[in-house]
Amino acid sequence: MKFNTWYNKNHKKILVVPAIFLTLALIFLAAFYFQTGDIINKDVSLTGGSVFTISTDIPPSEMTNHLSKDFTDFTVNSISDNSGNQIQLIIAISESQAGDLKTSLENFLGHELNSENSSIETTSASLSKDFYRQLIISIILAFLWMSAIVFIIFTKGIKPKIWIIALNLLFGFFMGKFFYSLNPIISFIIFILFLAILIKIYIKKSVPAFAVMLCAFTDLILTLAVVDLIGMKLSTAGIVAFLMLIGYSVDTDILLTSRILNKKDNVNTAMFSAFKTGITMTLTSIIAIATALIIVFRLESVLNQIFIILIIGLCFDIFNTWVTNASIIKWYVEKK
Amino acid sequence: MVCGEKMRITFRMWLVIIMVLLSFISIFSIPPLFLQKGVEVSSVNTDSKIFSEGLRKDMIIKQINGEEINSLSDYNNAINYIKNLADNKTEKIVITTENIEIIGLYDKSILNDISIREISSTKLNLGLDLQGGARALIRADIPITDEQLDDLIAVSEERLNVYGLSDVKFFKVITSSQERLMGIEIAGSSPSDLENLIAQQGKFEAKIGNDTVFVGGEKDITHVSRTSSEGAMIYDCRDSESQSICYFRFPISLSEKAAERFAEITENLSLNGTHLSKTIDFYIDDKLTNSLSISSGLKGKIETRISIEGSGSGASRQEAIDDAKLEMKKLQTILITGSLPYQLEIVKIDKISPTLGKSFINQILIAGIFAFVSVSIVVFIRYRKIKNFLAMVSISLSEIIITLGVASLIGWNFDLPSIAGIIAAIGTGVDDQLIILDESERNKYESIAKRIKNALFVIVTAFATTFVAMIPLTGLLNFMGIGAASAGLLKGFAITTLIGITIGIVITRPAFADIAKQLQKD
């Protein structure tokens, strides 16, 4: 078993690869933040504005030409049916310009827009901002609470478990009630303090829980970086996709962790058997999602974004589960 | 067990089978909806003649002029002759519904007064983004309390009712900055002037004859008492053999000016027994909602505090009390219309066309079927055992059916996020089954029971993690200030995922573990 000996010797060194990826992604996201003011590109569901969906066979280019006379900040996408004929156009526009768009469209189309031939979705900037905040809180909590569950299940002793539950509930209250209402600097300091305490307990008491957390975090960051790179504008649904991603990512990590900690087999054997199951799990997910994506793609719905993000994320997850997480756990088990 | 021998059906498998059957009943109803004949009334203009004759929303039209109606085209053919009538001509129509028969002379306007839809073949409710409709979130320009939000909702409900919009749902939303918003959902076609309708409180007027006595929002009514300590109460109940009647009263305070106007107008009215000859009529947006008789003792008097009285009835004492309470609340709501001390602002409004949503549903179904087939192929390639493959496919299908069954049982609205939730749950389900199968096939030195236990351990842990991840979006943690605003829109995703994975862990996974055990013995 050539691979076995190689892996036994090099599993710690391999960890450099994910570390480099993670660092690059973090640097990229930091640069992105300083350039745009946020770590993602947001669509109108998160920035505020209107989305018009209208039944028309006017080509998107013609619509763009018409609208660019009066408007600056808008996008035009087309929806086609199964045979490839365009059936609808989707026009998204920022809040400041949304007011005049309806009249402009009606003049251009030559008929009134009513509930039979069009859908109009409008969100104010203030509310969008609130959605965004709530979603961020949800993601952070999902992430930390999942780690807490892994910790509670894989750690012995009652006392640290109670500590972790109490800390996480407290953290929940803090995020919900105070995170956005306190002074941002104080908020941030408390936030980091909580994180530091949690991470410290995880590393000290349960390396596997920390590994799962790190792995899910890396999935999230790498996917986020790719999403930014390809210029995708995230909607509320897109952010939910990240939540689904953490869920799928944790499943394979738990499988791996429980097989290795079961101690009946040697680490490598346990790992390979887990790999066989885990990779089937992830691949079936990717294949199912990709198939569905191909079919609904032309409808330009929120599902597209969810599916694309999941596919990107799951690909990273294969890497992070079987390289990052596996190596950390092997390191931990053999040290013990 | 010899290969080919019948599989023993365990208690857990029976549970799945029974749940699937119950789910079919919950989705298709008994007798099955798709066998039902007729067309459904989706709305009736409340000002129309046909409405006053008793035709209501959700009734099933079986026949028109004796002709059987089984589809929209049957309906259109049957009623077509009305279309060609001259403007002021009428014609006899006989409409037979499940419960009543309406016979009358109608003109062309009846075509616009009734809208019709095919009877839906399942009890599954589709969300706004799939079936069309409008959803809006409304904010007051000053911070409001929970009680004030209740008032706003009551006032808006009353007002939309006046406009004949009865299929309206209201909900409360709290934002992360602790702001209270009112949410409104209207299914189906939405009126074109919806924005104006919901962004204003409406106009309240009380008139005697043609003279306006007081107007909402103009400080005419300074206070409407609504608690028992302020004198709002049910003060008497009377039981007769067939029914009970309960009487309520509540005081309102008028401004000096309004009281003078009231005295001036009532001064000229004649007496009619214990009451005055004219009633006082309440209007919301110029539409009459209630008429109350005026006690003769009030004639020509300047009273700043008057008592509003009314009654409710029912078959039992309790029903009468409930009806009286409802009636009292309705009157109180009408009286405060227009006087809520804030302006309203629409912060979100989505108007989804009913026609655009339809193309979507088919595509999603096709996508689901293809995804399912592709997963099946992967599973088959991986195991190359027809039994494993069949077990996985049938359990996953059961899981989808039971999830849909539960959803239609609790009246859940399926929107796009909910569909994403089902996908997430089914994906987790397939993953779990792979874990059970693989775990049951390895480490043969351990007993099969122990191996299945190992698998279930992983599955339960994974379930617990997904569970805590979804909780923030469900709105159940509002007391922590978490997820309230997003819950309104992404609740569907979180709830369906939770329903799906819970059904998995409680019902289908144990059954699959039993199947896996037996497959191993083969």
# chains A, B, ... in the order shown; residues from 1 in each chain; ligands from 1

$ residues_around --residues "Ile208 in chain B" --least-positions-apart "4" --cutoff "8 Å" --atoms "only C-alpha atoms" --output "CSV table (one decimal) with N, CA and C atoms, in the first residue's frame"
chain,number,residue,atom,x,y,z
B,212,THR,N,-73.3,64.2,7.8
B,212,THR,CA,-72.1,63.6,8.4
B,212,THR,C,-72.1,64.0,9.9
B,213,VAL,N,-72.1,63.1,10.8
B,213,VAL,CA,-72.0,63.4,12.2
B,213,VAL,C,-70.5,63.4,12.7
B,265,ILE,N,-78.4,67.5,14.6
B,265,ILE,CA,-79.0,66.6,13.6
B,265,ILE,C,-80.2,65.8,14.2
B,278,LYS,N,-84.4,57.9,12.2
B,278,LYS,CA,-83.3,57.5,11.3
B,278,LYS,C,-82.3,56.8,12.1
B,279,THR,N,-81.5,56.0,11.4
B,279,THR,CA,-80.4,55.2,12.0
B,279,THR,C,-79.1,56.0,11.8
B,280,ILE,N,-78.1,55.7,12.6
B,280,ILE,CA,-76.8,56.3,12.4
B,280,ILE,C,-76.0,55.2,11.6
B,281,ASP,N,-75.5,55.6,10.4
B,281,ASP,CA,-74.8,54.7,9.5
B,281,ASP,C,-73.3,54.8,9.5

$ interface_residues --of "chain B" --to "chain A" --cutoff "6 Å" --atoms "only C-alpha atoms" --output "list of chain:residue names"
B:Val347, B:Lys348, B:Ile349, B:Asp350, B:Lys351, B:Ile352, B:Ser353, B:Ala367, B:Ala371, B:Val375, B:Asp431, B:Val458, B:Ala462, B:Thr465, B:Thr466, B:Ala469, B:Pro472, B:Met480, B:Gly481, B:Ile482, B:Gly483, B:Ser486

$ atom_distance --atom1 "CA of Phe467 in chain B" --atom2 "CA of Pro510 in chain B"
18.3 Å

$ closest_residue --among "B:Ile174, B:Ala154, B:Ile422, B:Met233" --to "Ile334 in chain B" --atoms "only C-alpha atoms"
B:Ala154

$ decode --residues "range 287-369 of chain B" --atoms "C-alpha atoms" --output "tab-separated table (two decimals), in the first residue's frame"
chain	number	residue	atom	x	y	z
B	287	LYS	CA	-69.28	51.93	1.71
B	288	LEU	CA	-71.96	51.21	4.29
B	289	THR	CA	-70.85	48.71	6.92
B	290	ASN	CA	-73.27	49.06	9.87
B	291	SER	CA	-76.47	50.85	10.83
B	292	LEU	CA	-77.37	51.41	14.47
B	293	SER	CA	-80.62	52.75	15.81
B	294	ILE	CA	-80.41	55.81	18.10
B	295	SER	CA	-82.08	55.73	21.50
B	296	SER	CA	-84.81	58.38	21.84
B	297	GLY	CA	-83.15	59.68	25.01
B	298	LEU	CA	-80.33	61.13	22.91
B	299	LYS	CA	-82.55	63.34	20.77
B	300	GLY	CA	-81.08	66.81	20.62
B	301	LYS	CA	-78.74	66.25	23.55
B	302	ILE	CA	-75.10	67.35	23.59
B	303	GLU	CA	-73.43	64.25	25.00
B	304	THR	CA	-69.68	63.81	24.72
B	305	ARG	CA	-69.86	60.29	26.06
B	306	ILE	CA	-72.26	57.93	24.34
B	307	SER	CA	-72.77	54.22	24.57
B	308	ILE	CA	-72.73	51.96	21.52
B	309	GLU	CA	-74.88	48.88	21.94
B	310	GLY	CA	-75.47	45.75	19.96
B	311	SER	CA	-76.00	42.04	20.23
B	312	GLY	CA	-74.76	38.67	19.11
B	313	SER	CA	-76.64	35.43	18.82
B	314	GLY	CA	-75.95	31.72	18.67
B	315	ALA	CA	-77.40	28.29	19.32
B	316	SER	CA	-75.85	28.14	22.78
B	317	ARG	CA	-75.02	30.70	25.42
B	318	GLN	CA	-71.32	30.41	24.69
B	319	GLU	CA	-71.81	30.88	20.96
B	320	ALA	CA	-73.90	33.96	21.61
B	321	ILE	CA	-71.20	35.41	23.88
B	322	ASP	CA	-68.51	34.74	21.26
B	323	ASP	CA	-70.64	36.27	18.52
B	324	ALA	CA	-71.34	39.34	20.66
B	325	LYS	CA	-67.63	39.76	21.41
B	326	LEU	CA	-66.84	39.51	17.71
B	327	GLU	CA	-69.53	42.01	16.81
B	328	MET	CA	-68.30	44.41	19.51
B	329	LYS	CA	-64.73	44.17	18.27
B	330	LYS	CA	-65.88	44.80	14.72
B	331	LEU	CA	-67.72	47.97	15.71
B	332	GLN	CA	-64.79	49.18	17.80
B	333	THR	CA	-62.48	48.57	14.86
B	334	ILE	CA	-64.69	50.51	12.48
B	335	LEU	CA	-64.84	53.43	14.91
B	336	ILE	CA	-61.05	53.72	15.15
B	337	THR	CA	-60.54	53.48	11.38
B	338	GLY	CA	-58.70	56.50	10.09
B	339	SER	CA	-57.71	57.65	13.55
B	340	LEU	CA	-54.60	55.55	14.15
B	341	PRO	CA	-51.95	58.13	14.99
B	342	TYR	CA	-49.42	57.34	12.26
B	343	GLN	CA	-48.81	57.26	8.55
B	344	LEU	CA	-48.22	53.98	6.75
B	345	GLU	CA	-45.45	53.13	4.35
B	346	ILE	CA	-45.09	50.06	2.13
B	347	VAL	CA	-41.62	48.59	2.65
B	348	LYS	CA	-42.12	45.54	0.48
B	349	ILE	CA	-44.70	44.64	-2.09
B	350	ASP	CA	-44.64	41.66	-4.43
B	351	LYS	CA	-47.33	41.23	-7.02
B	352	ILE	CA	-46.94	37.87	-8.71
B	353	SER	CA	-48.95	37.20	-11.84
B	354	PRO	CA	-51.06	34.04	-11.58
B	355	THR	CA	-50.37	33.22	-15.22
B	356	LEU	CA	-46.59	33.51	-14.91
B	357	GLY	CA	-46.34	31.13	-11.97
B	358	LYS	CA	-47.97	28.23	-13.77
B	359	SER	CA	-45.19	27.53	-16.27
B	360	PHE	CA	-42.97	27.08	-13.29
B	361	ILE	CA	-44.70	24.20	-11.56
B	362	ASN	CA	-44.33	21.80	-14.49
B	363	GLN	CA	-40.64	22.59	-14.89
B	364	ILE	CA	-40.02	21.95	-11.22
B	365	LEU	CA	-41.84	18.62	-11.37
B	366	ILE	CA	-39.77	17.58	-14.38
B	367	ALA	CA	-36.59	18.69	-12.63
B	368	GLY	CA	-37.57	16.65	-9.58
B	369	ILE	CA	-38.23	13.52	-11.63
